[in-house]
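my_file-v4.cif follows; it contains mmCIF, C-alpha atoms.
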```
data_final
loop_
_atom_site.label_atom_id
_atom_site.label_comp_id
_atom_site.auth_asym_id
_atom_site.auth_seq_id
_atom_site.Cartn_x
_atom_site.Cartn_y
_atom_site.Cartn_z
CA MET I 1 112.50 116.76 49.33
CA LYS I 2 110.80 119.80 47.92
CA VAL I 3 111.08 123.48 48.71
CA VAL I 4 108.77 126.42 48.18
CA ALA I 5 108.43 127.81 44.68
CA LEU I 6 110.29 130.99 43.88
CA ALA I 7 107.49 132.08 41.61
CA THR I 8 105.35 133.36 44.46
CA ALA I 9 105.18 137.07 45.08
CA ALA I 10 107.95 139.15 46.68
CA LEU I 11 110.18 136.33 47.72
CA LEU I 12 113.78 137.34 47.43
CA LEU I 13 114.03 140.81 48.93
CA THR I 14 113.07 141.65 52.45
CA ALA I 15 112.52 145.28 51.55
CA ALA I 16 111.11 145.32 48.05
CA CYS I 17 111.97 147.92 45.50
CA THR I 18 109.62 148.54 42.61
CA PRO I 19 110.44 146.37 39.60
CA GLY I 20 111.04 148.02 36.27
CA SER I 21 108.40 148.37 33.62
CA ASP I 22 107.78 145.64 31.10
CA ASN I 23 109.28 147.68 28.31
CA PRO I 24 112.00 149.91 29.77
CA SER I 25 114.02 152.02 27.41
CA GLY I 26 117.54 153.38 27.29
CA GLY I 27 121.00 151.89 27.74
CA ALA I 28 122.99 150.17 25.02
CA SER I 29 120.93 149.56 21.93
CA ALA I 30 118.96 146.34 21.46
CA PRO I 31 117.46 145.21 18.15
CA SER I 32 113.90 146.27 17.42
CA SER I 33 112.94 142.64 16.76
CA VAL I 34 114.43 139.38 17.93
CA LYS I 35 114.84 135.89 16.52
CA THR I 36 114.33 133.01 18.92
CA ASP I 37 114.99 130.07 16.58
CA ALA I 38 118.73 129.73 17.06
CA SER I 39 118.98 127.06 14.36
CA THR I 40 118.20 129.70 11.71
CA LEU I 41 120.93 132.15 12.72
CA GLY I 42 123.63 130.69 10.49
CA ASP I 43 127.14 129.82 11.63
CA VAL I 44 127.93 131.67 14.83
CA THR I 45 130.78 131.55 17.33
CA LEU I 46 129.88 132.67 20.84
CA THR I 47 132.63 133.53 23.28
CA VAL I 48 131.34 132.99 26.82
CA TRP I 49 133.12 134.11 29.97
CA ASP I 50 131.95 132.53 33.21
CA GLN I 51 133.22 131.97 36.75
CA GLU I 52 131.75 128.49 37.21
CA VAL I 53 135.06 126.89 38.12
CA ARG I 54 134.32 124.74 41.18
CA GLY I 55 133.19 121.13 41.04
CA GLY I 56 129.44 121.31 40.63
CA GLN I 57 129.59 124.65 38.86
CA GLY I 58 132.02 123.46 36.23
CA ALA I 59 130.09 120.21 35.76
CA GLN I 60 126.77 121.91 35.04
CA MET I 61 128.32 124.33 32.55
CA ALA I 62 130.13 121.53 30.72
CA GLU I 63 126.92 119.48 30.46
CA LEU I 64 124.71 122.38 29.40
CA ASN I 65 127.24 123.57 26.81
CA LYS I 66 127.40 120.04 25.42
CA GLN I 67 123.61 119.88 25.16
CA PHE I 68 123.39 123.35 23.59
CA GLN I 69 125.87 122.53 20.85
CA ALA I 70 124.14 119.23 20.16
CA LYS I 71 120.84 121.08 19.67
CA TYR I 72 122.38 123.96 17.74
CA PRO I 73 125.41 122.65 15.83
CA ASN I 74 125.50 125.94 13.88
CA ILE I 75 126.58 127.76 17.06
CA LYS I 76 130.08 127.07 18.30
CA LEU I 77 130.84 127.89 21.92
CA LYS I 78 134.20 129.21 23.01
CA ARG I 79 134.16 129.05 26.80
CA VAL I 80 136.59 131.02 28.96
CA SER I 81 136.27 130.00 32.61
CA ARG I 82 137.87 132.12 35.32
CA SER I 83 137.69 132.35 39.09
CA PHE I 84 135.46 135.05 40.55
CA ASP I 85 138.47 137.22 41.39
CA ASP I 86 140.11 136.77 37.99
CA LEU I 87 136.86 137.51 36.19
CA LYS I 88 136.28 140.65 38.24
CA THR I 89 139.82 141.83 37.53
CA THR I 90 139.87 141.19 33.77
CA LEU I 91 136.29 141.76 32.64
CA ARG I 92 136.34 145.56 32.78
CA LEU I 93 139.33 145.71 30.43
CA ALA I 94 137.97 142.96 28.19
CA LEU I 95 134.71 144.81 27.56
CA THR I 96 136.59 147.79 26.15
CA GLY I 97 138.63 145.71 23.70
CA ASN I 98 137.92 144.84 20.09
CA ASP I 99 137.78 141.13 20.92
CA ALA I 100 135.30 141.36 23.79
CA PRO I 101 133.30 138.25 24.75
CA ASP I 102 129.68 137.88 23.64
CA VAL I 103 128.22 136.54 26.89
CA VAL I 104 129.65 137.26 30.35
CA GLN I 105 128.82 136.66 33.96
CA ALA I 106 128.88 140.05 35.65
CA ASN I 107 128.68 140.65 39.38
CA ASN I 108 125.33 142.36 40.08
CA GLY I 109 126.84 145.12 42.19
CA ARG I 110 127.29 148.75 41.25
CA SER I 111 131.06 148.36 40.98
CA ASP I 112 130.64 145.88 38.12
CA MET I 113 127.26 145.59 36.39
CA GLY I 114 126.30 149.13 37.34
CA GLU I 115 129.47 150.54 35.81
CA PHE I 116 129.15 148.36 32.70
CA VAL I 117 125.59 149.61 32.21
CA LYS I 118 126.68 153.20 32.72
CA ALA I 119 129.35 152.74 30.04
CA GLY I 120 126.85 151.18 27.62
CA GLN I 121 128.78 147.90 27.58
CA LEU I 122 125.80 145.60 28.26
CA VAL I 123 122.71 145.17 26.09
CA PRO I 124 119.27 145.44 27.75
CA LEU I 125 117.54 142.07 27.51
CA ASP I 126 113.89 143.07 27.93
CA LYS I 127 112.92 142.25 24.33
CA TRP I 128 114.27 138.74 24.73
CA ALA I 129 112.69 138.48 28.16
CA ASP I 130 109.34 139.12 26.49
CA ALA I 131 110.05 136.79 23.58
CA TYR I 132 111.19 133.91 25.81
CA ASN I 133 108.68 134.71 28.56
CA TRP I 134 111.39 134.96 31.21
CA LYS I 135 109.05 137.02 33.38
CA SER I 136 106.85 133.99 33.93
CA ARG I 137 109.84 131.80 34.86
CA TYR I 138 111.46 134.39 37.12
CA PRO I 139 109.52 136.53 39.63
CA ALA I 140 110.10 140.28 39.68
CA SER I 141 111.90 139.89 43.01
CA VAL I 142 114.60 137.85 41.23
CA LEU I 143 114.81 139.93 38.06
CA GLN I 144 115.29 143.17 40.00
CA TYR I 145 118.72 141.91 41.08
CA SER I 146 119.75 142.38 37.43
CA ARG I 147 117.87 145.62 36.74
CA TYR I 148 119.45 149.06 36.40
CA SER I 149 118.39 152.39 35.05
CA ALA I 150 120.08 153.14 31.72
CA ASP I 151 122.56 155.48 33.40
CA GLY I 152 123.55 152.77 35.92
CA LYS I 153 122.57 154.91 38.92
CA THR I 154 119.43 153.12 40.12
CA PHE I 155 119.77 149.49 41.15
CA GLY I 156 116.68 147.28 41.20
CA GLU I 157 114.63 149.21 38.63
CA GLY I 158 114.75 149.79 34.89
CA ASN I 159 116.20 147.62 32.14
CA LEU I 160 117.00 143.94 32.58
CA TYR I 161 120.70 143.27 31.97
CA GLY I 162 121.18 139.65 33.01
CA LEU I 163 119.68 136.34 34.05
CA PRO I 164 121.04 134.16 36.86
CA GLN I 165 121.12 130.38 37.04
CA VAL I 166 121.46 129.78 40.76
CA GLY I 167 120.13 130.93 44.08
CA GLU I 168 122.54 131.69 46.91
CA VAL I 169 122.43 131.92 50.66
CA VAL I 170 125.37 132.39 53.04
CA GLY I 171 125.07 129.97 55.94
CA ILE I 172 127.06 127.73 58.24
CA TYR I 173 128.64 124.46 57.16
CA TYR I 174 129.43 122.16 60.08
CA ASN I 175 131.37 118.94 60.58
CA LYS I 176 128.92 116.45 62.11
CA THR I 177 131.65 114.09 63.29
CA LYS I 178 133.50 116.81 65.17
CA LEU I 179 130.34 118.14 66.79
CA ALA I 180 129.49 114.64 68.01
CA ALA I 181 133.02 114.07 69.35
CA LEU I 182 132.87 117.38 71.21
CA GLY I 183 129.42 116.62 72.61
CA ILE I 184 127.98 119.73 70.96
CA GLU I 185 124.40 119.70 69.72
CA LEU I 186 123.54 121.57 66.54
CA PRO I 187 123.11 125.22 67.61
CA LYS I 188 119.50 126.37 67.73
CA THR I 189 120.22 129.99 68.71
CA TRP I 190 122.99 132.50 68.05
CA ALA I 191 124.13 132.15 71.66
CA ASP I 192 124.34 128.37 71.15
CA PHE I 193 126.51 128.96 68.09
CA GLU I 194 128.95 131.24 69.90
CA ASN I 195 129.07 128.78 72.81
CA ALA I 196 129.90 126.01 70.33
CA LEU I 197 132.78 128.09 68.97
CA GLY I 198 134.11 128.48 72.51
CA LYS I 199 133.82 124.77 73.29
CA ALA I 200 135.61 123.86 70.05
CA LYS I 201 138.45 126.26 70.89
CA ALA I 202 138.74 124.88 74.43
CA ALA I 203 138.99 121.36 73.02
CA GLY I 204 141.90 122.31 70.76
CA GLU I 205 139.92 122.36 67.54
CA VAL I 206 139.84 125.13 64.93
CA PRO I 207 136.38 126.56 65.63
CA MET I 208 135.95 128.21 62.23
CA GLN I 209 137.86 127.98 58.98
CA PHE I 210 138.31 131.38 57.35
CA GLY I 211 140.52 132.64 54.52
CA ASN I 212 140.48 136.39 53.89
CA LEU I 213 143.45 137.05 51.63
CA ASP I 214 140.99 137.88 48.85
CA LYS I 215 139.21 140.39 51.17
CA TRP I 216 135.67 139.63 49.97
CA PRO I 217 135.20 136.51 52.17
CA ALA I 218 135.07 138.73 55.26
CA ILE I 219 132.11 140.55 53.71
CA HIS I 220 130.13 137.33 54.03
CA VAL I 221 131.31 136.60 57.57
CA PHE I 222 130.64 140.16 58.71
CA GLY I 223 127.27 140.11 56.94
CA THR I 224 126.32 137.01 58.91
CA VAL I 225 127.15 138.75 62.18
CA GLN I 226 125.48 141.97 61.07
CA ASP I 227 122.29 140.05 60.25
CA LYS I 228 122.01 139.18 63.95
CA ASN I 229 122.42 142.76 65.15
CA VAL I 230 120.93 145.15 62.58
CA PRO I 231 117.27 145.33 61.44
CA ALA I 232 116.79 143.72 58.03
CA GLU I 233 115.29 146.83 56.47
CA GLN I 234 118.36 148.86 57.42
CA ILE I 235 120.68 146.26 55.90
CA THR I 236 118.69 146.30 52.66
CA THR I 237 118.75 150.10 52.49
CA LEU I 238 122.51 150.11 53.03
CA ALA I 239 123.13 147.29 50.56
CA PHE I 240 121.17 149.00 47.78
CA GLY I 241 122.87 152.33 48.35
CA ARG I 242 119.69 154.23 49.14
CA ALA I 243 119.29 157.22 51.41
CA GLY I 244 117.67 156.63 54.76
CA ALA I 245 120.15 154.51 56.71
CA SER I 246 123.58 154.91 58.25
CA TRP I 247 126.57 152.74 59.01
CA LYS I 248 127.23 154.81 62.14
CA THR I 249 124.80 153.04 64.45
CA ALA I 250 125.21 151.16 67.69
CA GLU I 251 124.04 147.97 65.97
CA ASN I 252 126.65 148.10 63.18
CA THR I 253 129.35 148.95 65.70
CA LYS I 254 128.30 145.98 67.84
CA ALA I 255 128.55 143.69 64.80
CA ALA I 256 132.10 144.92 64.20
CA GLU I 257 132.95 144.44 67.89
CA THR I 258 131.62 140.87 67.77
CA LEU I 259 133.83 140.05 64.81
CA VAL I 260 136.88 141.45 66.61
CA SER I 261 135.99 139.43 69.69
CA TRP I 262 136.08 136.27 67.59
CA VAL I 263 139.64 137.16 66.62
CA ASP I 264 140.57 137.81 70.26
CA LYS I 265 139.08 134.48 71.35
CA GLY I 266 140.93 132.55 68.65
CA TYR I 267 137.84 131.33 66.87
CA PHE I 268 139.50 131.57 63.44
CA ASN I 269 142.41 129.55 62.09
CA GLN I 270 145.86 131.10 62.46
CA GLY I 271 146.92 133.47 59.68
CA PHE I 272 143.40 133.79 58.29
CA ASN I 273 144.00 137.26 56.82
CA GLY I 274 146.83 135.87 54.72
CA GLN I 275 145.11 132.67 53.63
CA GLY I 276 143.13 132.40 50.41
CA TYR I 277 139.44 131.60 50.31
CA ASP I 278 139.87 128.33 48.43
CA PRO I 279 142.60 126.91 50.69
CA ALA I 280 140.41 127.69 53.72
CA TRP I 281 137.32 125.82 52.57
CA GLN I 282 139.52 123.05 51.21
CA ASP I 283 141.06 122.67 54.68
CA PHE I 284 137.55 122.40 56.07
CA GLY I 285 136.90 119.72 53.47
CA LYS I 286 139.94 117.85 54.80
CA GLY I 287 138.43 117.75 58.27
CA LYS I 288 140.22 120.79 59.71
CA GLY I 289 137.75 122.96 61.56
CA VAL I 290 134.29 122.58 63.04
CA PHE I 291 132.42 125.38 61.24
CA LEU I 292 132.70 127.34 57.99
CA ILE I 293 130.64 130.41 57.10
CA ALA I 294 130.23 130.31 53.33
CA GLY I 295 127.74 130.22 50.51
CA THR I 296 125.75 127.40 48.98
CA TRP I 297 128.06 127.42 45.94
CA LEU I 298 130.44 125.15 47.89
CA GLN I 299 127.81 122.42 48.22
CA ALA I 300 129.12 120.04 45.55
CA ASP I 301 132.78 120.33 46.55
CA LEU I 302 132.18 119.87 50.27
CA GLN I 303 129.80 116.98 49.65
CA LYS I 304 132.52 115.28 47.62
CA ALA I 305 135.15 115.97 50.27
CA LEU I 306 133.23 115.10 53.43
CA GLY I 307 130.27 113.00 52.34
CA ASP I 308 127.74 112.49 55.12
CA LYS I 309 130.03 114.20 57.65
CA VAL I 310 129.03 117.69 56.52
CA GLY I 311 125.81 119.61 57.11
CA PHE I 312 124.52 123.11 56.35
CA MET I 313 122.28 125.41 58.36
CA LEU I 314 121.00 128.97 58.32
CA PRO I 315 122.69 131.15 60.95
CA PRO I 316 120.34 130.88 63.96
CA GLY I 317 118.62 133.85 65.53
CA ALA I 318 118.29 135.06 69.10
CA SER I 319 115.60 132.44 69.60
CA ALA I 320 114.99 129.15 67.87
CA ASP I 321 111.78 130.36 66.25
CA GLU I 322 113.00 133.81 65.17
CA LYS I 323 112.43 134.77 61.54
CA PRO I 324 115.68 134.22 59.61
CA VAL I 325 117.69 137.18 58.38
CA VAL I 326 120.41 135.92 56.10
CA THR I 327 122.64 137.23 53.32
CA GLY I 328 121.80 135.86 49.90
CA GLY I 329 120.08 136.33 46.58
CA THR I 330 121.13 135.21 43.13
CA GLY I 331 124.35 133.99 41.59
CA LEU I 332 126.14 136.14 39.03
CA PRO I 333 123.76 136.76 36.10
CA PHE I 334 124.69 136.05 32.49
CA ALA I 335 124.65 139.18 30.32
CA VAL I 336 125.08 140.08 26.63
CA THR I 337 127.81 142.58 25.80
CA ASN I 338 127.46 145.43 23.34
CA LYS I 339 130.24 143.79 21.29
CA ALA I 340 128.22 140.59 20.76
CA LYS I 341 128.30 139.77 17.06
CA ASN I 342 124.93 138.02 17.19
CA PRO I 343 122.84 139.12 20.18
CA ASP I 344 120.04 136.73 19.23
CA ALA I 345 122.42 133.76 19.53
CA ALA I 346 123.76 135.12 22.81
CA ALA I 347 120.24 135.48 24.22
CA ALA I 348 119.32 131.99 22.96
CA TYR I 349 122.29 130.62 24.88
CA ILE I 350 121.25 132.38 28.09
CA ASN I 351 117.70 131.12 27.63
CA PHE I 352 118.99 127.56 27.21
CA ILE I 353 121.19 127.50 30.31
CA THR I 354 118.39 128.95 32.47
CA SER I 355 115.54 126.80 31.13
CA PRO I 356 113.49 124.36 33.24
CA ASP I 357 115.56 121.50 31.82
CA ALA I 358 118.73 123.36 32.78
CA MET I 359 117.48 123.62 36.36
CA LYS I 360 117.35 119.81 36.46
CA VAL I 361 120.97 119.67 35.34
CA LEU I 362 121.92 122.18 38.03
CA THR I 363 120.27 120.04 40.70
CA SER I 364 121.93 116.84 39.49
CA THR I 365 125.39 118.44 39.60
CA GLY I 366 125.09 119.75 43.15
CA ASN I 367 123.93 123.30 42.53
CA LEU I 368 120.95 125.32 43.81
CA PRO I 369 118.67 126.35 40.90
CA ILE I 370 117.09 129.78 41.13
CA ALA I 371 113.99 128.86 39.09
CA ASP I 372 111.66 125.84 39.30
CA THR I 373 113.27 125.11 42.66
CA SER I 374 110.20 123.41 44.06
CA ALA I 375 110.07 121.04 41.08
CA GLN I 376 113.50 119.59 41.87
CA GLN I 377 114.20 116.51 43.95
CA ALA I 378 117.33 117.25 45.98
CA PRO I 379 119.44 114.25 47.02
CA ALA I 380 119.55 113.36 50.70
CA GLY I 381 122.33 114.81 52.84
CA LEU I 382 124.02 118.14 52.26
CA ALA I 383 121.93 118.98 49.18
CA ALA I 384 118.74 118.49 51.20
CA ASP I 385 120.12 120.79 53.91
CA VAL I 386 120.93 123.46 51.32
CA PHE I 387 117.56 123.26 49.56
CA ASN I 388 115.73 123.37 52.91
CA ALA I 389 117.78 126.34 54.11
CA PHE I 390 117.20 128.30 50.91
CA GLY I 391 113.52 127.39 50.90
CA THR I 392 113.13 128.57 54.49
CA ALA I 393 114.96 131.86 53.87
CA VAL I 394 112.94 132.58 50.74
CA GLY I 395 109.61 131.37 52.11
CA LYS I 396 109.93 133.56 55.20
CA GLU I 397 111.24 136.49 53.16
CA GLY I 398 114.45 136.51 55.16
CA LEU I 399 117.08 137.26 52.52
CA VAL I 400 119.02 140.52 52.59
CA PRO I 401 121.37 141.64 49.76
CA TYR I 402 125.15 141.47 49.67
CA LEU I 403 126.69 144.55 51.26
CA ASP I 404 129.14 145.27 48.45
CA TYR I 405 126.22 146.11 46.12
CA ALA I 406 125.85 149.47 47.85
CA THR I 407 128.10 151.85 45.90
CA PRO I 408 130.50 151.65 42.92
CA THR I 409 133.42 151.56 45.38
CA MET I 410 131.93 149.62 48.32
CA TYR I 411 133.37 146.26 47.25
CA ASP I 412 136.92 147.61 47.64
CA THR I 413 136.11 149.87 50.60
CA LEU I 414 134.40 147.18 52.65
CA GLY I 415 136.93 144.47 51.83
CA ALA I 416 139.88 146.66 52.83
CA ALA I 417 138.12 147.99 55.93
CA LEU I 418 137.37 144.47 57.14
CA GLN I 419 140.97 143.37 56.68
CA ASP I 420 142.09 146.33 58.75
CA LEU I 421 139.44 145.65 61.40
CA LEU I 422 140.39 141.99 61.69
CA ALA I 423 144.10 142.86 61.82
CA LYS I 424 143.46 145.40 64.60
CA LYS I 425 144.65 148.24 62.37
CA ALA I 426 141.30 149.96 62.81
CA THR I 427 138.83 150.10 65.67
CA PRO I 428 135.14 149.23 65.19
CA ALA I 429 134.34 152.95 65.32
CA GLN I 430 136.94 153.72 62.64
CA PHE I 431 135.59 150.83 60.59
CA VAL I 432 132.02 152.15 60.49
CA ASP I 433 133.31 155.68 59.87
CA LYS I 434 135.09 154.49 56.73
CA LEU I 435 132.00 152.73 55.44
CA GLU I 436 129.78 155.69 56.27
CA ALA I 437 132.04 158.01 54.28
CA ASP I 438 131.72 155.83 51.17
CA TYR I 439 127.99 155.24 51.60
CA SER I 440 126.97 158.81 52.40
CA LYS I 441 129.00 160.20 49.51
CA PHE I 442 127.00 158.03 47.13
CA ALA I 443 123.58 157.80 48.78
CA GLY I 444 123.58 161.51 49.56
CA LYS I 445 123.37 162.18 45.86
#
```

Starting from the file, give its structure as structure tokens.
Amino acid sequence: MKVVALATAALLLTAACTPGSDNPSGGASAPSSVKTDASTLGDVTLTVWDQEVRGGQGAQMAELNKQFQAKYPNIKLKRVSRSFDDLKTTLRLALTGNDAPDVVQANNGRSDMGEFVKAGQLVPLDKWADAYNWKSRYPASVLQYSRYSADGKTFGEGNLYGLPQVGEVVGIYYNKTKLAALGIELPKTWADFENALGKAKAAGEVPMQFGNLDKWPAIHVFGTVQDKNVPAEQITTLAFGRAGASWKTAENTKAAETLVSWVDKGYFNQGFNGQGYDPAWQDFGKGKGVFLIAGTWLQADLQKALGDKVGFMLPPGASADEKPVVTGGTGLPFAVTNKAKNPDAAAAYINFITSPDAMKVLTSTGNLPIADTSAQQAPAGLAADVFNAFGTAVGKEGLVPYLDYATPTMYDTLGAALQDLLAKKATPAQFVDKLEADYSKFAGK
């Protein structure tokens, strides 16, 4: 099964922003010339921090690191693998220390990569991008997810500060066996999906597994609901923190009201606000729950847990043939820190783990490669569902960015606001007011 190539024009963003120039300037200093033959760099130790901790993610990193060290025995890798939450918590402090890592995965959003760029803690990679010809492997629409102006204020333009391995889309995992037992056909419209949730609840099943102790999972669930209520161009403007949109609209309020109605109707598992993200999807993997809204990064683990019982679909629209609008983009990009002892070795490592051969390894370990996607042969079953879903979203230009990208504080603001909304500590109107205050304070500047 093959999917559309990502190398066609303007694929990833529904509302394009202008890509940066080929030779942007500013930011932390980069060498005036680069060396691309890693075997000539002498003995080097690279400390790499990543968040590839789940089944397929960990497997691809282990295999690629093994291959890299076999090819370049002069470069020793010291890998530090942390969960997304642990990495987000510790990376900011680590980058200020004397023993900072050389290569890190940094969340694209303003609260992380934007702040690191502003502080001069990441090295612009444009010289290596030219040397390794990354711009021919990655379209501008992908690279702009890792571009910032040197002051960290403008997202989507300027210097290149990272390179991702994987593509992502947030969709709906479903238990085929449970749907069949309940006599529910795969939903073709959003109304069908909500009806299926109601039928599952009436039959005594957990309609949707959800764990929101970590706060960020609700951003993905809310984003999925928002995508069905708010025009895509407004979501993109909000997500990139640009002037010209507002959270205080009838459509955003309706999305919040829909999410609250799901709580009232008992569509989530009990105690969801106090359950962790991992325990929730793991429960789904044990056969508890009919649906799970989550990203494609769970593909390998859920395939292992449920086999041919699990499927994946894009959230349906108002009609079966409606153009998809779905949250997604790239995985966390790999970046070079300003403390890297040998930036050439660090860039060589990033080039290796994002190469065409690396994309084959990603596919074989149950991941969704961001480059050369059409050249991969996805296995039948869940992987085929994931590749098809991503290909459809990209081919129809239906992806919208993650909402927490918007401002340096939106990740925390939105996560906390959603917990309060879901716990009935805030009304939908109060929820959008809180987001508007954060957004307008930033975008107004």

**Request:** Find the residue from I:Gln282, I:Thr249, I:Ser146, I:Thr40 that sits nearest to Pro428 of chain I; use all atoms listed in the file when measuring.
**Result:** I:Thr249

**Message:** With all atoms listed in the file as the counted atoms, please give the residues lying no more than 9 Å from segment 411-415 of chain I, apart from itself and same-chain residues fewer than 2 positions off, as an NGL selection string.
**Reply:** :I and (109-111 or 214-219 or 403-409 or 417-420 or 431 or 434-435 or 438)

Kindly compute an axis-aligned box around the listed atoms of segment 239-255 of chain I, allowing 5 Å on each side, and express its centre and edge lengths in Å to one decimal as JSON.
```
{"center_x": 123.5, "center_y": 150.5, "center_z": 57.8, "size_x": 21.7, "size_y": 23.5, "size_z": 30.1}
```

**Item:** Å distance separating atom CA of Ala62 of chain I from atom CA of Arg79 of chain I, one decimal place
**Value:** 9.4 Å

**Asked** Do you know which residues are at most 7 Å from segment 326-338 of chain I counting all atoms listed in the file, after dropping those on the same chain fewer than 2 positions away, and could you put them as an NGL selection string?
**Response** :I and (12 or 28 or 102-108 or 121-123 or 161-170 or 223-224 or 227 or 324 or 340 or 343 or 346 or 350 or 398-402)

For the residues in the current selection, export C-alpha atoms as a PDB file, keeping the file's coordinate frame.
```pdb
ATOM      1  CA  LEU I  12     113.780 137.340  47.430  1.00  0.00           C
ATOM      2  CA  ALA I  28     122.990 150.170  25.020  1.00  0.00           C
ATOM      3  CA  ASP I 102     129.680 137.880  23.640  1.00  0.00           C
ATOM      4  CA  VAL I 103     128.220 136.540  26.890  1.00  0.00           C
ATOM      5  CA  VAL I 104     129.650 137.260  30.350  1.00  0.00           C
ATOM      6  CA  GLN I 105     128.820 136.660  33.960  1.00  0.00           C
ATOM      7  CA  ALA I 106     128.880 140.050  35.650  1.00  0.00           C
ATOM      8  CA  ASN I 107     128.680 140.650  39.380  1.00  0.00           C
ATOM      9  CA  ASN I 108     125.330 142.360  40.080  1.00  0.00           C
ATOM     10  CA  GLN I 121     128.780 147.900  27.580  1.00  0.00           C
ATOM     11  CA  LEU I 122     125.800 145.600  28.260  1.00  0.00           C
ATOM     12  CA  VAL I 123     122.710 145.170  26.090  1.00  0.00           C
ATOM     13  CA  TYR I 161     120.700 143.270  31.970  1.00  0.00           C
ATOM     14  CA  GLY I 162     121.180 139.650  33.010  1.00  0.00           C
ATOM     15  CA  LEU I 163     119.680 136.340  34.050  1.00  0.00           C
ATOM     16  CA  PRO I 164     121.040 134.160  36.860  1.00  0.00           C
ATOM     17  CA  GLN I 165     121.120 130.380  37.040  1.00  0.00           C
ATOM     18  CA  VAL I 166     121.460 129.780  40.760  1.00  0.00           C
ATOM     19  CA  GLY I 167     120.130 130.930  44.080  1.00  0.00           C
ATOM     20  CA  GLU I 168     122.540 131.690  46.910  1.00  0.00           C
ATOM     21  CA  VAL I 169     122.430 131.920  50.660  1.00  0.00           C
ATOM     22  CA  VAL I 170     125.370 132.390  53.040  1.00  0.00           C
ATOM     23  CA  GLY I 223     127.270 140.110  56.940  1.00  0.00           C
ATOM     24  CA  THR I 224     126.320 137.010  58.910  1.00  0.00           C
ATOM     25  CA  ASP I 227     122.290 140.050  60.250  1.00  0.00           C
ATOM     26  CA  PRO I 324     115.680 134.220  59.610  1.00  0.00           C
ATOM     27  CA  ALA I 340     128.220 140.590  20.760  1.00  0.00           C
ATOM     28  CA  PRO I 343     122.840 139.120  20.180  1.00  0.00           C
ATOM     29  CA  ALA I 346     123.760 135.120  22.810  1.00  0.00           C
ATOM     30  CA  ILE I 350     121.250 132.380  28.090  1.00  0.00           C
ATOM     31  CA  GLY I 398     114.450 136.510  55.160  1.00  0.00           C
ATOM     32  CA  LEU I 399     117.080 137.260  52.520  1.00  0.00           C
ATOM     33  CA  VAL I 400     119.020 140.520  52.590  1.00  0.00           C
ATOM     34  CA  PRO I 401     121.370 141.640  49.760  1.00  0.00           C
ATOM     35  CA  TYR I 402     125.150 141.470  49.670  1.00  0.00           C
TER      36      TYR I 402
END
```

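Between Ala393 of chain I and the candidates I:Ala347, I:Ala358, I:Val325, I:Val432, the tightest atom-to-atom separation, counting only C-alpha atoms, involves I:Val325.
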
**Item:** Who sits within 6 Å of segment 44-59 of chain I, all atoms listed in the file, same chain under 3 positions skipped, as a ChimeraX atom specification
**Value:** /I:62,75-84,101-105,300-301,365-366

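Compared by their closest atoms to Thr177 of chain I, and using only C-alpha atoms, the residues I:Val310, I:Ala443, I:Ala375, I:Leu41 rank with I:Val310 nearest.
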
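Picture a line from atom CA of Val361 of chain I to atom CA of Gln376 of chain I; it runs 9.9 Å.
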
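What the PyMOL selection byres ((chain I and resi 372) around 9) matches in the given file is I:Ala5, I:Leu6, I:Ala7, I:Arg137, I:Tyr138, I:Pro356, I:Met359, I:Lys360, I:Pro369, I:Ile370, I:Ala371, I:Thr373, I:Ser374, I:Ala375, I:Gln376.
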
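Atom to atom, atom CA of Lys441 of chain I and atom CA of Pro124 of chain I stand 28.0 Å apart.
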
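Minimum atom-to-atom distances from I:Phe291, I:Trp128, I:Phe193, I:Phe442 to Phe312 of chain I were compared using all atoms listed in the file, and the lowest value belongs to I:Phe291.
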
**Selected residue, from I:Asn212, I:Tyr145, I:Thr237, I:Ala255, that lies nearest to Pro279 of chain I when counting only C-alpha atoms** = I:Asn212

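Nearest residue to Tyr72 of chain I among I:Gly287, I:Gly156, I:Gly42, I:Pro139 is I:Gly42, counting all atoms listed in the file.
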